[in-house]
Amino acid sequence: MAKEVLEILRARGHRLVVVSSRGIHDLKEIDILKRRLGEAKLEFDAYHLCLEDKLPTCREEKIDVMLEDYYDNVCHLSESGVPCLYFRGDILKFCKNSNVIEVDNWGQVLQALERIEKGDFGKK
């Protein structure tokens, strides 16, 4: 449902930005990412890759909500004031603070963003 959710968000006027560490360890990761996004026909307004620390870019881009799946990044970003949707699988650690909402599928991503739009961030 990623494509459908992103289309809904774009239709609502949201700016979609990729902020990723992809490419830090192997530049081939960037080619793989671009190929997969192209195959899925997913387009974004900006791409920031090879980032060790995503916080400066999140601040520069004025990211309202970050969708993140890496525990350390969720903790760092959310503790620095960037609200995060933590795309957490069953085996990943919990990161509990008021700037984190856990999600595990794109339907939950959309529901969480709708709650955030209503001012209900962090409320269940």
# chains A, B, ... in the order shown; residues from 1 in each chain; ligands from 1
>>> select_by_dssp(residues="chain A", states="alpha helix (DSSP H)", output="PDB file with C-alpha atoms, in the first residue's frame")
ATOM      1  CA  ALA A   2       3.023   2.330  -0.023  1.00  0.00           C
ATOM      2  CA  LYS A   3       2.174   3.795  -3.416  1.00  0.00           C
ATOM      3  CA  GLU A   4      -1.456   4.384  -2.489  1.00  0.00           C
ATOM      4  CA  VAL A   5      -0.585   6.050   0.831  1.00  0.00           C
ATOM      5  CA  LEU A   6       2.037   8.275  -0.790  1.00  0.00           C
ATOM      6  CA  GLU A   7      -0.456   9.295  -3.489  1.00  0.00           C
ATOM      7  CA  ILE A   8      -3.015  10.214  -0.811  1.00  0.00           C
ATOM      8  CA  LEU A   9      -0.425  12.276   1.041  1.00  0.00           C
ATOM      9  CA  ARG A  10       0.691  14.055  -2.129  1.00  0.00           C
ATOM     10  CA  ALA A  11      -2.940  14.809  -3.023  1.00  0.00           C
ATOM     11  CA  LYS A  28      25.567   0.124  -5.246  1.00  0.00           C
ATOM     12  CA  GLU A  29      22.800   0.491  -2.630  1.00  0.00           C
ATOM     13  CA  ILE A  30      21.859   3.798  -4.285  1.00  0.00           C
ATOM     14  CA  ASP A  31      21.436   2.138  -7.684  1.00  0.00           C
ATOM     15  CA  ILE A  32      19.312  -0.577  -6.081  1.00  0.00           C
ATOM     16  CA  LEU A  33      17.166   2.021  -4.313  1.00  0.00           C
ATOM     17  CA  LYS A  34      16.650   4.044  -7.494  1.00  0.00           C
ATOM     18  CA  ARG A  35      15.776   0.901  -9.456  1.00  0.00           C
ATOM     19  CA  ARG A  36      13.266  -0.278  -6.847  1.00  0.00           C
ATOM     20  CA  LEU A  37      11.630   3.135  -6.571  1.00  0.00           C
ATOM     21  CA  GLY A  38      11.417   3.295 -10.355  1.00  0.00           C
ATOM     22  CA  GLU A  39       9.906  -0.172 -10.616  1.00  0.00           C
ATOM     23  CA  ALA A  40       7.328   0.745  -7.969  1.00  0.00           C
ATOM     24  CA  LEU A  55      18.981  15.070  11.970  1.00  0.00           C
ATOM     25  CA  PRO A  56      20.602  18.033  10.128  1.00  0.00           C
ATOM     26  CA  THR A  57      18.788  17.111   6.911  1.00  0.00           C
ATOM     27  CA  CYS A  58      15.478  16.645   8.751  1.00  0.00           C
ATOM     28  CA  ARG A  59      15.888  20.132  10.197  1.00  0.00           C
ATOM     29  CA  GLU A  60      16.965  21.682   6.876  1.00  0.00           C
ATOM     30  CA  TYR A  71      15.969   1.887  16.143  1.00  0.00           C
ATOM     31  CA  ASP A  72      19.011   4.112  16.771  1.00  0.00           C
ATOM     32  CA  ASN A  73      17.751   6.696  14.268  1.00  0.00           C
ATOM     33  CA  VAL A  74      14.249   6.684  15.768  1.00  0.00           C
ATOM     34  CA  CYS A  75      15.654   7.308  19.237  1.00  0.00           C
ATOM     35  CA  HIS A  76      18.095  10.009  18.078  1.00  0.00           C
ATOM     36  CA  LEU A  77      15.586  11.856  15.902  1.00  0.00           C
ATOM     37  CA  SER A  78      12.643  11.631  18.298  1.00  0.00           C
ATOM     38  CA  GLU A  79      14.740  12.679  21.296  1.00  0.00           C
ATOM     39  CA  TRP A 106       1.162   1.304   5.417  1.00  0.00           C
ATOM     40  CA  GLY A 107      -2.458   1.375   6.600  1.00  0.00           C
ATOM     41  CA  GLN A 108      -1.206   2.188  10.079  1.00  0.00           C
ATOM     42  CA  VAL A 109       1.111   4.834   8.606  1.00  0.00           C
ATOM     43  CA  LEU A 110      -1.879   6.568   7.028  1.00  0.00           C
ATOM     44  CA  GLN A 111      -3.960   6.283  10.214  1.00  0.00           C
ATOM     45  CA  ALA A 112      -1.115   7.711  12.302  1.00  0.00           C
ATOM     46  CA  LEU A 113      -0.604  10.614   9.902  1.00  0.00           C
ATOM     47  CA  GLU A 114      -4.321  11.366   9.981  1.00  0.00           C
ATOM     48  CA  ARG A 115      -4.178  11.440  13.809  1.00  0.00           C
ATOM     49  CA  ILE A 116      -1.164  13.740  13.631  1.00  0.00           C
ATOM     50  CA  GLU A 117      -3.013  16.082  11.241  1.00  0.00           C
TER      51      GLU A 117
END
>>> select_by_dssp(residues="chain A", states="strand (DSSP E)", output="list of chain:residue names")
A:Val17, A:Val18, A:Val19, A:Ala46, A:Tyr47, A:His48, A:Met66, A:Leu67, A:Glu68, A:Cys84, A:Leu85, A:Tyr86, A:Phe87, A:Val100, A:Ile101, A:Glu102, A:Val103
>>> write_last_selection(atoms="N, CA and C atoms", output="PDB file, in the first residue's frame")
ATOM      1  N   VAL A  17       9.889  13.480   1.085  1.00  0.00           N
ATOM      2  CA  VAL A  17      11.345  13.574   1.013  1.00  0.00           C
ATOM      3  C   VAL A  17      11.980  12.276   1.496  1.00  0.00           C
ATOM      4  N   VAL A  18      12.934  11.758   0.743  1.00  0.00           N
ATOM      5  CA  VAL A  18      13.704  10.592   1.165  1.00  0.00           C
ATOM      6  C   VAL A  18      14.925  11.097   1.926  1.00  0.00           C
ATOM      7  N   VAL A  19      15.070  10.624   3.156  1.00  0.00           N
ATOM      8  CA  VAL A  19      16.239  10.923   3.988  1.00  0.00           C
ATOM      9  C   VAL A  19      16.781   9.560   4.405  1.00  0.00           C
ATOM     10  N   ALA A  46      12.368  15.237  -2.984  1.00  0.00           N
ATOM     11  CA  ALA A  46      13.805  15.411  -2.762  1.00  0.00           C
ATOM     12  C   ALA A  46      14.384  14.097  -2.259  1.00  0.00           C
ATOM     13  N   TYR A  47      15.666  13.912  -2.531  1.00  0.00           N
ATOM     14  CA  TYR A  47      16.377  12.705  -2.122  1.00  0.00           C
ATOM     15  C   TYR A  47      17.670  13.115  -1.417  1.00  0.00           C
ATOM     16  N   HIS A  48      17.860  12.627  -0.208  1.00  0.00           N
ATOM     17  CA  HIS A  48      19.093  12.852   0.542  1.00  0.00           C
ATOM     18  C   HIS A  48      19.611  11.467   0.948  1.00  0.00           C
ATOM     19  N   MET A  66       8.920  11.865  10.433  1.00  0.00           N
ATOM     20  CA  MET A  66       9.878  10.977   9.783  1.00  0.00           C
ATOM     21  C   MET A  66       9.391   9.536   9.908  1.00  0.00           C
ATOM     22  N   LEU A  67       9.344   8.833   8.806  1.00  0.00           N
ATOM     23  CA  LEU A  67       9.057   7.394   8.815  1.00  0.00           C
ATOM     24  C   LEU A  67      10.401   6.694   8.828  1.00  0.00           C
ATOM     25  N   GLU A  68      10.682   5.954   9.895  1.00  0.00           N
ATOM     26  CA  GLU A  68      12.014   5.381  10.104  1.00  0.00           C
ATOM     27  C   GLU A  68      11.892   3.960  10.616  1.00  0.00           C
ATOM     28  N   CYS A  84       8.463  10.830  14.940  1.00  0.00           N
ATOM     29  CA  CYS A  84       8.781   9.660  14.113  1.00  0.00           C
ATOM     30  C   CYS A  84       7.653   8.644  14.121  1.00  0.00           C
ATOM     31  N   LEU A  85       7.412   8.078  12.960  1.00  0.00           N
ATOM     32  CA  LEU A  85       6.628   6.861  12.845  1.00  0.00           C
ATOM     33  C   LEU A  85       7.656   5.757  12.746  1.00  0.00           C
ATOM     34  N   TYR A  86       7.677   4.897  13.744  1.00  0.00           N
ATOM     35  CA  TYR A  86       8.674   3.826  13.834  1.00  0.00           C
ATOM     36  C   TYR A  86       8.114   2.589  13.169  1.00  0.00           C
ATOM     37  N   PHE A  87       8.598   2.305  11.973  1.00  0.00           N
ATOM     38  CA  PHE A  87       8.182   1.128  11.218  1.00  0.00           C
ATOM     39  C   PHE A  87       8.917  -0.057  11.830  1.00  0.00           C
ATOM     40  N   VAL A 100       7.161   9.353  19.298  1.00  0.00           N
ATOM     41  CA  VAL A 100       7.205   8.124  18.502  1.00  0.00           C
ATOM     42  C   VAL A 100       5.841   7.450  18.484  1.00  0.00           C
ATOM     43  N   ILE A 101       5.410   7.087  17.289  1.00  0.00           N
ATOM     44  CA  ILE A 101       4.242   6.222  17.110  1.00  0.00           C
ATOM     45  C   ILE A 101       4.745   4.999  16.349  1.00  0.00           C
ATOM     46  N   GLU A 102       4.484   3.822  16.881  1.00  0.00           N
ATOM     47  CA  GLU A 102       4.898   2.600  16.202  1.00  0.00           C
ATOM     48  C   GLU A 102       3.855   2.187  15.169  1.00  0.00           C
ATOM     49  N   VAL A 103       4.346   1.780  14.002  1.00  0.00           N
ATOM     50  CA  VAL A 103       3.489   1.289  12.919  1.00  0.00           C
ATOM     51  C   VAL A 103       4.150   0.043  12.341  1.00  0.00           C
TER      52      VAL A 103
END
>>> closest_residue(among="A:Ile63, A:Gly119, A:Leu27, A:Glu52", to="Arg15 (chain A)", atoms="only C-alpha atoms")
A:Ile63
>>> atom_distance(atom1="CA of Gly81 (chain A)", atom2="CA of Asn99 (chain A)")
7.0 Å
>>> atom_distance(atom1="CA of Gly23 (chain A)", atom2="CA of Leu49 (chain A)")
6.7 Å
>>> closest_residue(among="A:Asp69, A:Asp45, A:Arg22, A:Lys54", to="Arg88 (chain A)", atoms="only C-alpha atoms")
A:Asp69
>>> closest_residue(among="A:Asp26, A:Phe94, A:Arg12, A:Asp53", to="Ser80 (chain A)", atoms="only C-alpha atoms")
A:Asp53
